[in-house]
file input.cif (mmCIF, C-alpha atoms)
data_upload
#
loop_
_atom_site.group_PDB
_atom_site.id
_atom_site.type_symbol
_atom_site.label_atom_id
_atom_site.label_comp_id
_atom_site.auth_asym_id
_atom_site.auth_seq_id
_atom_site.Cartn_x
_atom_site.Cartn_y
_atom_site.Cartn_z
ATOM 1 C CA MET A 27 19.551 -38.443 11.529
ATOM 2 C CA LEU A 28 20.118 -37.194 7.971
ATOM 3 C CA GLN A 29 16.395 -37.299 7.240
ATOM 4 C CA ASP A 30 15.611 -35.474 10.481
ATOM 5 C CA SER A 31 17.970 -32.674 9.494
ATOM 6 C CA PHE A 32 15.793 -31.907 6.454
ATOM 7 C CA ALA A 33 12.484 -31.981 8.328
ATOM 8 C CA GLN A 34 10.513 -28.795 9.046
ATOM 9 C CA LEU A 35 9.845 -27.926 12.684
ATOM 10 C CA ASP A 36 6.630 -26.828 14.363
ATOM 11 C CA THR A 37 8.408 -24.706 16.977
ATOM 12 C CA LEU A 38 11.201 -22.184 16.629
ATOM 13 C CA ASN A 39 14.715 -23.608 16.673
ATOM 14 C CA LYS A 40 17.084 -20.712 17.353
ATOM 15 C CA LYS A 41 20.131 -22.660 16.219
ATOM 16 C CA ARG A 42 18.568 -23.372 12.829
ATOM 17 C CA LEU A 43 17.321 -19.791 12.502
ATOM 18 C CA THR A 44 20.803 -18.458 13.263
ATOM 19 C CA THR A 45 22.181 -20.767 10.582
ATOM 20 C CA VAL A 46 19.622 -19.557 8.033
ATOM 21 C CA VAL A 47 20.291 -15.880 8.761
ATOM 22 C CA ALA A 48 24.071 -16.407 8.642
ATOM 23 C CA VAL A 49 23.979 -18.375 5.378
ATOM 24 C CA GLU A 50 21.594 -15.954 3.673
ATOM 25 C CA SER A 51 23.579 -12.912 4.838
ATOM 26 C CA ALA A 52 26.886 -14.419 3.699
ATOM 27 C CA GLY A 53 25.318 -15.498 0.412
ATOM 28 C CA TYR A 54 23.846 -12.053 -0.183
ATOM 29 C CA ALA A 55 27.167 -10.335 0.564
ATOM 30 C CA GLY A 56 29.093 -12.791 -1.593
ATOM 31 C CA ILE A 57 26.748 -12.539 -4.573
ATOM 32 C CA MET A 58 26.583 -8.751 -4.450
ATOM 33 C CA THR A 59 30.369 -8.512 -4.174
ATOM 34 C CA GLY A 60 30.815 -10.942 -7.036
ATOM 35 C CA LEU A 61 28.348 -9.041 -9.215
ATOM 36 C CA TYR A 62 30.130 -5.793 -8.498
ATOM 37 C CA TYR A 63 33.517 -7.116 -9.580
ATOM 38 C CA LEU A 64 32.182 -9.069 -12.554
ATOM 39 C CA TRP A 65 29.707 -6.526 -13.958
ATOM 40 C CA TYR A 66 30.110 -3.083 -12.447
ATOM 41 C CA LYS A 67 33.697 -2.474 -11.280
ATOM 42 C CA ASP A 68 35.172 -1.674 -14.691
ATOM 43 C CA ALA A 69 31.963 -0.299 -16.209
ATOM 44 C CA PRO A 70 31.519 3.499 -16.348
ATOM 45 C CA SER A 71 29.235 4.855 -13.643
ATOM 46 C CA GLN A 72 27.042 7.922 -13.357
ATOM 47 C CA GLY A 73 24.400 9.386 -11.082
ATOM 48 C CA PHE A 74 21.378 7.273 -10.289
ATOM 49 C CA HIS A 75 19.075 7.065 -13.313
ATOM 50 C CA THR A 76 16.246 4.956 -14.699
ATOM 51 C CA LEU A 77 15.979 2.998 -17.940
ATOM 52 C CA ASN A 78 12.885 1.985 -19.863
ATOM 53 C CA ASP A 79 13.784 -1.414 -21.297
ATOM 54 C CA ASN A 80 10.264 -2.795 -21.489
ATOM 55 C CA THR A 81 10.556 -3.487 -25.222
ATOM 56 C CA SER A 82 13.757 -5.522 -24.899
ATOM 57 C CA TRP A 83 13.985 -9.227 -25.751
ATOM 58 C CA GLU A 84 10.230 -9.482 -26.446
ATOM 59 C CA GLN A 85 9.791 -9.230 -22.624
ATOM 60 C CA MET A 86 11.550 -12.566 -22.070
ATOM 61 C CA ASP A 87 13.878 -10.900 -19.557
ATOM 62 C CA LYS A 88 10.866 -9.650 -17.578
ATOM 63 C CA VAL A 89 9.408 -13.153 -17.368
ATOM 64 C CA GLY A 90 12.823 -14.301 -16.179
ATOM 65 C CA HIS A 91 12.785 -11.683 -13.420
ATOM 66 C CA THR A 92 9.344 -12.841 -12.326
ATOM 67 C CA THR A 93 10.463 -16.467 -12.170
ATOM 68 C CA THR A 94 13.676 -15.673 -10.282
ATOM 69 C CA SER A 95 11.878 -13.557 -7.685
ATOM 70 C CA TYR A 96 9.275 -16.304 -7.243
ATOM 71 C CA TYR A 97 11.857 -19.003 -6.550
ATOM 72 C CA VAL A 98 14.162 -16.999 -4.321
ATOM 73 C CA GLY A 99 11.108 -16.075 -2.238
ATOM 74 C CA ARG A 100 9.986 -19.692 -2.166
ATOM 75 C CA ALA A 101 13.430 -20.785 -0.976
ATOM 76 C CA GLY A 102 13.378 -18.071 1.687
ATOM 77 C CA TYR A 103 10.017 -19.316 2.926
ATOM 78 C CA GLU A 104 11.158 -22.945 3.072
ATOM 79 C CA ALA A 105 14.305 -21.975 4.968
ATOM 80 C CA LEU A 106 12.336 -20.166 7.660
ATOM 81 C CA ARG A 107 9.825 -23.003 7.958
ATOM 82 C CA TRP A 108 12.772 -25.388 8.380
ATOM 83 C CA SER A 109 13.817 -23.175 11.289
ATOM 84 C CA GLY A 110 10.414 -23.475 12.922
ATOM 85 C CA VAL A 111 9.325 -19.908 12.172
ATOM 86 C CA SER A 112 5.530 -19.588 12.004
ATOM 87 C CA ASP A 113 3.912 -20.049 8.617
ATOM 88 C CA LYS A 114 2.647 -16.483 8.274
ATOM 89 C CA LYS A 115 5.984 -14.912 9.257
ATOM 90 C CA SER A 116 7.782 -17.260 6.878
ATOM 91 C CA ILE A 117 5.456 -16.205 4.073
ATOM 92 C CA PHE A 118 6.079 -12.485 4.514
ATOM 93 C CA TYR A 119 9.722 -12.464 5.596
ATOM 94 C CA GLY A 120 10.947 -15.377 3.521
ATOM 95 C CA GLY A 121 8.672 -14.724 0.570
ATOM 96 C CA THR A 122 10.074 -11.224 0.026
ATOM 97 C CA VAL A 123 13.745 -12.303 -0.048
ATOM 98 C CA GLY A 124 13.679 -12.460 -3.856
ATOM 99 C CA LEU A 125 12.236 -8.956 -4.156
ATOM 100 C CA PHE A 126 14.842 -7.586 -1.726
ATOM 101 C CA PHE A 127 17.762 -9.232 -3.521
ATOM 102 C CA LEU A 128 16.722 -8.293 -7.047
ATOM 103 C CA THR A 129 15.922 -4.715 -6.030
ATOM 104 C CA SER A 130 19.477 -4.456 -4.682
ATOM 105 C CA VAL A 131 20.802 -5.524 -8.080
ATOM 106 C CA GLU A 132 18.493 -3.014 -9.743
ATOM 107 C CA ILE A 133 19.974 -0.226 -7.608
ATOM 108 C CA LEU A 134 23.463 -1.165 -8.821
ATOM 109 C CA ASP A 135 22.122 -0.970 -12.371
ATOM 110 C CA GLY A 136 20.806 2.498 -11.563
ATOM 111 C CA PHE A 137 24.328 3.802 -10.953
ATOM 112 C CA SER A 138 25.825 2.162 -14.037
ATOM 113 C CA ALA A 139 26.120 4.132 -17.282
ATOM 114 C CA SER A 140 25.621 0.917 -19.253
ATOM 115 C CA TRP A 141 22.318 0.100 -17.609
ATOM 116 C CA GLY A 142 19.739 1.820 -15.430
ATOM 117 C CA TYR A 143 17.127 1.238 -12.772
ATOM 118 C CA SER A 144 14.278 -0.455 -14.615
ATOM 119 C CA TRP A 145 10.768 -0.019 -13.264
ATOM 120 C CA GLY A 146 9.754 -2.833 -15.601
ATOM 121 C CA ASP A 147 12.174 -5.173 -13.850
ATOM 122 C CA VAL A 148 10.914 -4.044 -10.453
ATOM 123 C CA GLY A 149 7.335 -4.707 -11.547
ATOM 124 C CA ALA A 150 8.275 -8.187 -12.751
ATOM 125 C CA ASN A 151 10.107 -8.901 -9.484
ATOM 126 C CA THR A 152 7.053 -7.772 -7.519
ATOM 127 C CA LEU A 153 4.796 -9.999 -9.621
ATOM 128 C CA GLY A 154 6.910 -13.076 -8.856
ATOM 129 C CA THR A 155 6.917 -12.323 -5.138
ATOM 130 C CA GLY A 156 3.178 -11.656 -5.175
ATOM 131 C CA LEU A 157 2.471 -14.916 -6.993
ATOM 132 C CA PHE A 158 4.218 -16.916 -4.290
ATOM 133 C CA ILE A 159 2.795 -15.008 -1.318
ATOM 134 C CA GLY A 160 -0.737 -14.855 -2.744
ATOM 135 C CA GLN A 161 -0.952 -18.609 -3.310
ATOM 136 C CA GLN A 162 0.564 -19.437 0.052
ATOM 137 C CA LEU A 163 -1.906 -17.184 1.837
ATOM 138 C CA GLY A 164 -4.916 -18.252 -0.200
ATOM 139 C CA TRP A 165 -4.298 -21.969 -0.697
ATOM 140 C CA LYS A 166 -1.434 -22.781 1.727
ATOM 141 C CA GLU A 167 0.315 -24.375 -1.227
ATOM 142 C CA GLN A 168 1.665 -23.506 -4.664
ATOM 143 C CA ARG A 169 -0.904 -24.788 -7.130
ATOM 144 C CA ILE A 170 0.608 -22.800 -10.016
ATOM 145 C CA THR A 171 4.387 -23.055 -10.243
ATOM 146 C CA LEU A 172 6.681 -21.079 -12.522
ATOM 147 C CA LYS A 173 9.144 -23.281 -14.389
ATOM 148 C CA PHE A 174 12.030 -23.030 -16.831
ATOM 149 C CA SER A 175 13.367 -25.025 -19.759
ATOM 150 C CA TYR A 176 16.226 -24.451 -22.184
ATOM 151 C CA HIS A 177 17.545 -25.747 -25.506
ATOM 152 C CA ASN A 178 20.531 -24.630 -27.575
ATOM 153 C CA THR A 179 19.925 -22.396 -30.595
ATOM 154 C CA GLU A 180 22.000 -21.347 -33.589
ATOM 155 C CA TYR A 181 21.693 -17.656 -32.741
ATOM 156 C CA ALA A 182 24.335 -17.705 -29.999
ATOM 157 C CA GLU A 183 26.969 -18.560 -32.611
ATOM 158 C CA LEU A 184 26.142 -15.341 -34.473
ATOM 159 C CA ARG A 185 26.710 -13.108 -31.412
ATOM 160 C CA PRO A 186 28.493 -15.134 -28.717
ATOM 161 C CA SER A 187 29.528 -12.034 -26.774
ATOM 162 C CA LEU A 188 25.865 -11.101 -26.359
ATOM 163 C CA LEU A 189 24.186 -14.503 -26.219
ATOM 164 C CA GLY A 190 26.880 -16.598 -24.548
ATOM 165 C CA GLU A 191 30.047 -18.483 -25.449
ATOM 166 C CA ASN A 192 29.326 -21.777 -23.660
ATOM 167 C CA LEU A 193 26.357 -23.771 -22.416
ATOM 168 C CA ILE A 194 26.168 -22.121 -18.990
ATOM 169 C CA GLN A 195 26.387 -18.596 -20.415
ATOM 170 C CA ARG A 196 23.864 -19.376 -23.137
ATOM 171 C CA SER A 197 21.328 -20.837 -20.713
ATOM 172 C CA ILE A 198 21.356 -17.424 -18.998
ATOM 173 C CA LYS A 199 21.890 -15.023 -21.904
ATOM 174 C CA ASP A 200 20.293 -16.651 -24.939
ATOM 175 C CA TYR A 201 16.601 -15.891 -24.546
ATOM 176 C CA ASN A 202 15.931 -17.691 -27.843
ATOM 177 C CA GLY A 203 16.468 -21.028 -26.139
ATOM 178 C CA GLN A 204 14.605 -20.242 -22.947
ATOM 179 C CA THR A 205 10.972 -21.054 -22.265
ATOM 180 C CA TYR A 206 9.124 -19.969 -19.129
ATOM 181 C CA TRP A 207 6.122 -21.928 -17.943
ATOM 182 C CA ALA A 208 3.159 -21.585 -15.626
ATOM 183 C CA SER A 209 2.565 -25.163 -14.505
ATOM 184 C CA ALA A 210 -0.778 -25.816 -12.801
ATOM 185 C CA ASN A 211 -1.345 -28.850 -10.616
ATOM 186 C CA ILE A 212 -4.659 -30.242 -11.836
ATOM 187 C CA SER A 213 -5.570 -32.408 -8.845
ATOM 188 C CA SER A 214 -5.232 -29.522 -6.380
ATOM 189 C CA PHE A 215 -8.141 -27.785 -8.131
ATOM 190 C CA LEU A 216 -10.360 -30.910 -8.118
ATOM 191 C CA GLY A 217 -10.727 -31.415 -4.365
ATOM 192 C CA ASP A 218 -9.348 -33.853 -1.816
ATOM 193 C CA ASN A 219 -11.411 -36.796 -3.058
ATOM 194 C CA THR A 220 -10.195 -36.728 -6.649
ATOM 195 C CA LYS A 221 -8.423 -39.783 -8.052
ATOM 196 C CA PHE A 222 -6.605 -37.725 -10.656
ATOM 197 C CA PRO A 223 -2.821 -38.300 -10.380
ATOM 198 C CA LYS A 224 -1.368 -35.656 -8.066
ATOM 199 C CA TRP A 225 1.902 -35.392 -10.003
ATOM 200 C CA ILE A 226 0.464 -34.467 -13.419
ATOM 201 C CA ASN A 227 0.368 -30.761 -14.295
ATOM 202 C CA LEU A 228 -0.921 -28.750 -17.228
ATOM 203 C CA ALA A 229 1.603 -26.148 -18.366
ATOM 204 C CA VAL A 230 1.409 -23.098 -20.609
ATOM 205 C CA GLY A 231 4.662 -21.561 -21.783
ATOM 206 C CA TYR A 232 6.052 -18.444 -23.394
ATOM 207 C CA GLY A 233 9.162 -18.028 -25.526
ATOM 208 C CA ALA A 234 10.563 -15.996 -28.395
ATOM 209 C CA ASP A 235 12.833 -16.755 -31.326
ATOM 210 C CA GLY A 236 15.076 -14.903 -33.768
ATOM 211 C CA MET A 237 16.461 -12.367 -31.278
ATOM 212 C CA VAL A 238 20.067 -11.412 -32.088
ATOM 213 C CA GLY A 239 19.651 -7.952 -30.583
ATOM 214 C CA SER A 240 17.836 -6.724 -27.533
ATOM 215 C CA ILE A 241 15.231 -4.603 -29.358
ATOM 216 C CA GLU A 242 15.805 -5.201 -33.069
ATOM 217 C CA ASN A 243 18.100 -7.289 -35.278
ATOM 218 C CA THR A 244 20.162 -4.422 -36.620
ATOM 219 C CA LEU A 245 23.087 -6.641 -37.668
ATOM 220 C CA TYR A 246 20.860 -9.398 -39.047
ATOM 221 C CA PRO A 247 17.710 -7.707 -40.422
ATOM 222 C CA ASP A 248 16.635 -10.825 -42.360
ATOM 223 C CA ILE A 249 16.110 -12.849 -39.174
ATOM 224 C CA GLU A 250 12.481 -12.682 -38.080
ATOM 225 C CA ARG A 251 11.656 -12.190 -34.399
ATOM 226 C CA THR A 252 8.733 -14.355 -33.309
ATOM 227 C CA ARG A 253 6.793 -14.805 -30.073
ATOM 228 C CA GLN A 254 5.856 -18.394 -29.198
ATOM 229 C CA TYR A 255 3.176 -19.862 -26.947
ATOM 230 C CA TYR A 256 3.080 -23.453 -25.729
ATOM 231 C CA ILE A 257 0.711 -25.995 -24.180
ATOM 232 C CA SER A 258 2.153 -29.101 -22.577
ATOM 233 C CA LEU A 259 1.844 -31.610 -19.763
ATOM 234 C CA ASP A 260 4.325 -31.508 -16.896
ATOM 235 C CA VAL A 261 5.477 -33.543 -13.907
ATOM 236 C CA ASP A 262 5.253 -31.945 -10.458
ATOM 237 C CA LEU A 263 8.200 -33.488 -8.614
ATOM 238 C CA THR A 264 7.073 -31.947 -5.318
ATOM 239 C CA LYS A 265 3.954 -34.141 -5.419
ATOM 240 C CA ILE A 266 6.019 -37.328 -5.603
ATOM 241 C CA LYS A 267 6.388 -38.091 -1.910
ATOM 242 C CA THR A 268 8.799 -40.681 -0.555
ATOM 243 C CA LYS A 269 9.744 -41.767 2.945
ATOM 244 C CA SER A 270 13.069 -39.993 2.532
ATOM 245 C CA LYS A 271 13.117 -36.334 3.613
ATOM 246 C CA PHE A 272 16.382 -35.966 1.711
ATOM 247 C CA LEU A 273 14.910 -37.280 -1.539
ATOM 248 C CA ASN A 274 11.848 -35.071 -1.116
ATOM 249 C CA THR A 275 14.198 -32.107 -0.712
ATOM 250 C CA VAL A 276 16.056 -33.074 -3.900
ATOM 251 C CA PHE A 277 12.762 -33.291 -5.806
ATOM 252 C CA GLY A 278 11.859 -29.856 -4.485
ATOM 253 C CA ALA A 279 15.224 -28.410 -5.501
ATOM 254 C CA PHE A 280 14.747 -29.480 -9.127
ATOM 255 C CA GLY A 281 11.065 -28.612 -9.185
ATOM 256 C CA PHE A 282 11.753 -25.418 -11.148
ATOM 257 C CA ILE A 283 12.697 -27.386 -14.276
ATOM 258 C CA LYS A 284 9.896 -28.085 -16.758
ATOM 259 C CA PHE A 285 9.801 -31.815 -17.433
ATOM 260 C CA PRO A 286 10.316 -32.616 -21.158
ATOM 261 C CA MET A 287 6.940 -33.702 -22.546
ATOM 262 C CA PRO A 288 4.924 -33.631 -25.803
ATOM 263 C CA THR A 289 4.149 -29.998 -26.575
ATOM 264 C CA ILE A 290 2.100 -27.894 -28.989
ATOM 265 C CA GLU A 291 3.480 -24.521 -30.105
ATOM 266 C CA PHE A 292 1.444 -21.605 -31.425
ATOM 267 C CA ASN A 293 3.380 -18.595 -32.680
ATOM 268 C CA GLN A 294 2.393 -15.059 -33.571
ATOM 269 C CA ASN A 295 2.619 -15.803 -37.284
ATOM 270 C CA GLY A 296 -0.258 -18.258 -37.043
ATOM 271 C CA ARG A 297 1.917 -21.363 -37.366
ATOM 272 C CA THR A 298 1.398 -24.442 -35.211
ATOM 273 C CA LYS A 299 4.055 -27.053 -34.388
ATOM 274 C CA PHE A 300 3.949 -30.329 -32.481
ATOM 275 C CA TYR A 301 6.962 -31.650 -30.549
ATOM 276 C CA GLY A 302 7.143 -35.284 -29.425
ATOM 277 C CA VAL A 303 9.432 -34.076 -26.610
ATOM 278 C CA TYR A 304 10.143 -30.385 -26.006
ATOM 279 C CA PHE A 305 13.039 -29.046 -23.976
#
call {"tool": "encode", "arguments": {"input": "input.cif", "output": "structure tokens"}}
result
Amino acid sequence: MLQDSFAQLDTLNKKRLTTVVAVESAGYAGIMTGLYYLWYKDAPSQGFHTLNDNTSWEQMDKVGHTTTSYYVGRAGYEALRWSGVSDKKSIFYGGTVGLFFLTSVEILDGFSASWGYSWGDVGANTLGTGLFIGQQLGWKEQRITLKFSYHNTEYAELRPSLLGENLIQRSIKDYNGQTYWASANISSFLGDNTKFPKWINLAVGYGADGMVGSIENTLYPDIERTRQYYISLDVDLTKIKTKSKFLNTVFGAFGFIKFPMPTIEFNQNGRTKFYGVYF
């Protein structure tokens, strides 16, 4: 019975659909309310305005927006398919959930004096949504998956209020330790008859280092800001199929995490590094 509860349906199940709509609506209301009280309630407000922050954080925040929009849309799609909603409707209605949610947050930013409505963020959100929808329409699967990895850095200790005071905060705020990946499933491009392992991916990543300020290191001018590019192998957990629907769901839930593997780094200063295992 537990496994059946995680299985997708071929026909519409109104009870499941009602559950999905109720959970997503409650989640949306709860998250927006929480954001308001945590970020906006005590912050000064002003009339709606825009902000050009495209040069901030070496664009790491924009890649983060793209990845978030991609995964929220993917989750929205899976939820509707679980309810028995047709594939095409699930793609368009579920796939745009991330864009809807993040645009709502952007509107709150637009009324805050400390921030502003960022067209760069909106563009990144749209890119993430488009990446999911485009692949689902064209290939009926996600051959290229966006992924995330994180490692602690020493920079958060210099500015904990900006980059985070604990592990959870730092994994969100400290862009120095974040790496975003485009992980391509090799076998899906080789045809149905290939014997290449279906769970091995090739991943390219992007990161940046030395950022103790959003645009420049005013307080620490001696610290060099550096863009980093990576090539690595990856494990696609969604391609590891078991007889357990529950276990398959768990693999899917953690599929956004880049699997630690040997990695080569190229940075903008022309240096190359090899990591036996990169997080």
call {"tool": "axis_aligned_box", "arguments": {"input": "input.cif", "around": "range 126-136 of chain A", "padding_each_side": "4 Å", "output": "lines of an AutoDock Vina configuration file"}}
result
center_x = 19.2
center_y = -3.4
center_z = -7.0
size_x = 16.6
size_y = 19.7
size_z = 18.6
call {"tool": "residues_near_point", "arguments": {"input": "input.cif", "point": "(-3.0, -37.6, -8.8)", "cutoff": "12 Å", "atoms": "only C-alpha atoms", "output": "NGL selection string"}}
result
:A and (211-227 or 261-263 or 265-267)
call {"tool": "residues_around", "arguments": {"input": "input.cif", "residues": "range 193-203 of chain A", "least_positions_apart": "2", "cutoff": "7 Å", "atoms": "all atoms listed in the file", "output": "list in words"}}
result
Met86, Tyr176, His177, Asn178, Thr179, Ala182, Leu189, Gly190, Glu191, Thr205, Ala234, Asp235, Gly236 and Met237 of chain A
call {"tool": "closest_atom_pairs", "arguments": {"input": "input.cif", "of": "range 107-192 of chain A", "to": "range 67-85 of chain A", "cutoff": "7 Å", "atoms": "all atoms listed in the file", "output": "Markdown table"}}
result
| residue | atom | partner | partner_atom | distance |
| --- | --- | --- | --- | --- |
| A:Gly136 | CA | A:Phe74 | CA | 5.0 |
| A:Phe137 | CA | A:Phe74 | CA | 4.6 |
| A:Ser138 | CA | A:Ser71 | CA | 4.4 |
| A:Ala139 | CA | A:Ser71 | CA | 4.8 |
| A:Trp141 | CA | A:Leu77 | CA | 7.0 |
| A:Gly142 | CA | A:Leu77 | CA | 4.7 |
| A:Tyr143 | CA | A:Thr76 | CA | 4.3 |
| A:Ser144 | CA | A:Leu77 | CA | 5.1 |
| A:Gly146 | CA | A:Asn80 | CA | 5.9 |
call {"tool": "closest_residue", "arguments": {"input": "input.cif", "among": "A:Thr92, A:Asn295, A:Gln254, A:Thr264", "to": "Glu167 in chain A", "atoms": "all atoms listed in the file"}}
result
A:Thr264
call {"tool": "closest_residue", "arguments": {"input": "input.cif", "among": "A:Ile159, A:Ala33, A:Ile283, A:Ala150", "to": "Trp207 in chain A", "atoms": "all atoms listed in the file"}}
result
A:Ile283
call {"tool": "resolve_selection", "arguments": {"input": "input.cif", "expression": "the PyMOL selection byres ((chain A and resi 50) around 12)", "output": "list in words"}}
result
Leu43, Thr44, Thr45, Val46, Val47, Ala48, Val49, Ser51, Ala52, Gly53, Tyr54, Ala55, Gly56, Ile57, Met58, Val98, Ala101, Gly102, Ala105, Leu106, Gly120, Val123, Gly124 and Phe127 of chain A
call {"tool": "resolve_selection", "arguments": {"input": "input.cif", "expression": "the PyMOL selection byres ((chain A and resi 288) around 6)", "output": "list in words"}}
result
Met287, Thr289, Tyr301, Gly302 and Val303 of chain A
call {"tool": "residues_around", "arguments": {"input": "input.cif", "residues": "Gly149 in chain A", "least_positions_apart": "6", "cutoff": "10 Å", "atoms": "only C-alpha atoms", "output": "ChimeraX atom specification"}}
result
/A:88,91-92,125,155
call {"tool": "write_last_selection", "arguments": {"input": "input.cif", "atoms": "C-alpha atoms", "output": "PDB file, in the coordinates of the input"}}
result
ATOM      1  CA  LYS A  88      10.866  -9.650 -17.578  1.00  0.00           C
ATOM      2  CA  HIS A  91      12.785 -11.683 -13.420  1.00  0.00           C
ATOM      3  CA  THR A  92       9.344 -12.841 -12.326  1.00  0.00           C
ATOM      4  CA  LEU A 125      12.236  -8.956  -4.156  1.00  0.00           C
ATOM      5  CA  THR A 155       6.917 -12.323  -5.138  1.00  0.00           C
TER       6      THR A 155
END
call {"tool": "atom_distance", "arguments": {"input": "input.cif", "atom1": "CA of Glu250 in chain A", "atom2": "CA of Asn293 in chain A"}}
result
12.1 Å
call {"tool": "resolve_selection", "arguments": {"input": "input.cif", "expression": "the PyMOL selection byres ((chain A and resi 282) around 7)", "output": "PyMOL selection string"}}
result
chain A and resi 172-174+280-281+283-284
call {"tool": "atom_distance", "arguments": {"input": "input.cif", "atom1": "CA of Ser209 in chain A", "atom2": "CA of Gly160 in chain A"}}
result
16.0 Å
call {"tool": "atom_distance", "arguments": {"input": "input.cif", "atom1": "CA of Tyr206 in chain A", "atom2": "CA of Val230 in chain A"}}
result
8.5 Å
call {"tool": "closest_residue", "arguments": {"input": "input.cif", "among": "A:Asn39, A:Ser258, A:Ser270, A:Asn192", "to": "Gly110 in chain A", "atoms": "all atoms listed in the file"}}
result
A:Asn39
call {"tool": "closest_residue", "arguments": {"input": "input.cif", "among": "A:Thr37, A:Ser130, A:Asn243, A:Gln168", "to": "Ser109 in chain A", "atoms": "only C-alpha atoms"}}
result
A:Thr37
call {"tool": "closest_residue", "arguments": {"input": "input.cif", "among": "A:Tyr181, A:Trp165, A:Phe272, A:Phe305", "to": "Gly231 in chain A", "atoms": "all atoms listed in the file"}}
result
A:Phe305
call {"tool": "closest_residue", "arguments": {"input": "input.cif", "among": "A:Ser240, A:Thr129, A:Asn274, A:Ser112", "to": "Arg185 in chain A", "atoms": "only C-alpha atoms"}}
result
A:Ser240
call {"tool": "build_atoms", "arguments": {"input": "input.cif", "residues": "range 146-162 of chain A", "atoms": "N, CA and C atoms", "output": "short mmCIF file (atom, residue, chain, number, x, y, z; two decimals), keeping the file's coordinate frame"}}
result
data_model
loop_
_atom_site.label_atom_id
_atom_site.label_comp_id
_atom_site.auth_asym_id
_atom_site.auth_seq_id
_atom_site.Cartn_x
_atom_site.Cartn_y
_atom_site.Cartn_z
N GLY A 146 10.32 -1.61 -15.05
CA GLY A 146 9.75 -2.83 -15.60
C GLY A 146 10.28 -4.06 -14.88
N ASP A 147 11.59 -4.07 -14.60
CA ASP A 147 12.17 -5.17 -13.85
C ASP A 147 11.59 -5.24 -12.44
N VAL A 148 11.46 -4.08 -11.81
CA VAL A 148 10.91 -4.04 -10.45
C VAL A 148 9.49 -4.58 -10.45
N GLY A 149 8.70 -4.21 -11.45
CA GLY A 149 7.34 -4.71 -11.55
C GLY A 149 7.31 -6.22 -11.72
N ALA A 150 8.21 -6.74 -12.54
CA ALA A 150 8.28 -8.19 -12.75
C ALA A 150 8.70 -8.90 -11.47
N ASN A 151 9.67 -8.32 -10.76
CA ASN A 151 10.11 -8.90 -9.48
C ASN A 151 8.95 -8.95 -8.49
N THR A 152 8.19 -7.86 -8.44
CA THR A 152 7.05 -7.77 -7.52
C THR A 152 5.99 -8.80 -7.88
N LEU A 153 5.78 -9.01 -9.17
CA LEU A 153 4.80 -10.00 -9.62
C LEU A 153 5.18 -11.40 -9.16
N GLY A 154 6.46 -11.76 -9.29
CA GLY A 154 6.91 -13.08 -8.86
C GLY A 154 6.74 -13.28 -7.37
N THR A 155 7.10 -12.25 -6.59
CA THR A 155 6.92 -12.32 -5.14
C THR A 155 5.44 -12.44 -4.78
N GLY A 156 4.61 -11.63 -5.45
CA GLY A 156 3.18 -11.66 -5.18
C GLY A 156 2.54 -12.99 -5.52
N LEU A 157 3.03 -13.63 -6.60
CA LEU A 157 2.47 -14.92 -6.99
C LEU A 157 2.72 -15.96 -5.92
N PHE A 158 3.93 -15.95 -5.35
CA PHE A 158 4.22 -16.92 -4.29
C PHE A 158 3.40 -16.61 -3.03
N ILE A 159 3.46 -15.37 -2.57
CA ILE A 159 2.80 -15.01 -1.32
C ILE A 159 1.28 -15.18 -1.44
N GLY A 160 0.71 -14.76 -2.56
CA GLY A 160 -0.74 -14.86 -2.74
C GLY A 160 -1.24 -16.29 -2.68
N GLN A 161 -0.53 -17.21 -3.34
CA GLN A 161 -0.95 -18.61 -3.31
C GLN A 161 -0.78 -19.23 -1.93
N GLN A 162 0.31 -18.85 -1.26
CA GLN A 162 0.56 -19.44 0.05
C GLN A 162 -0.47 -18.96 1.07
#
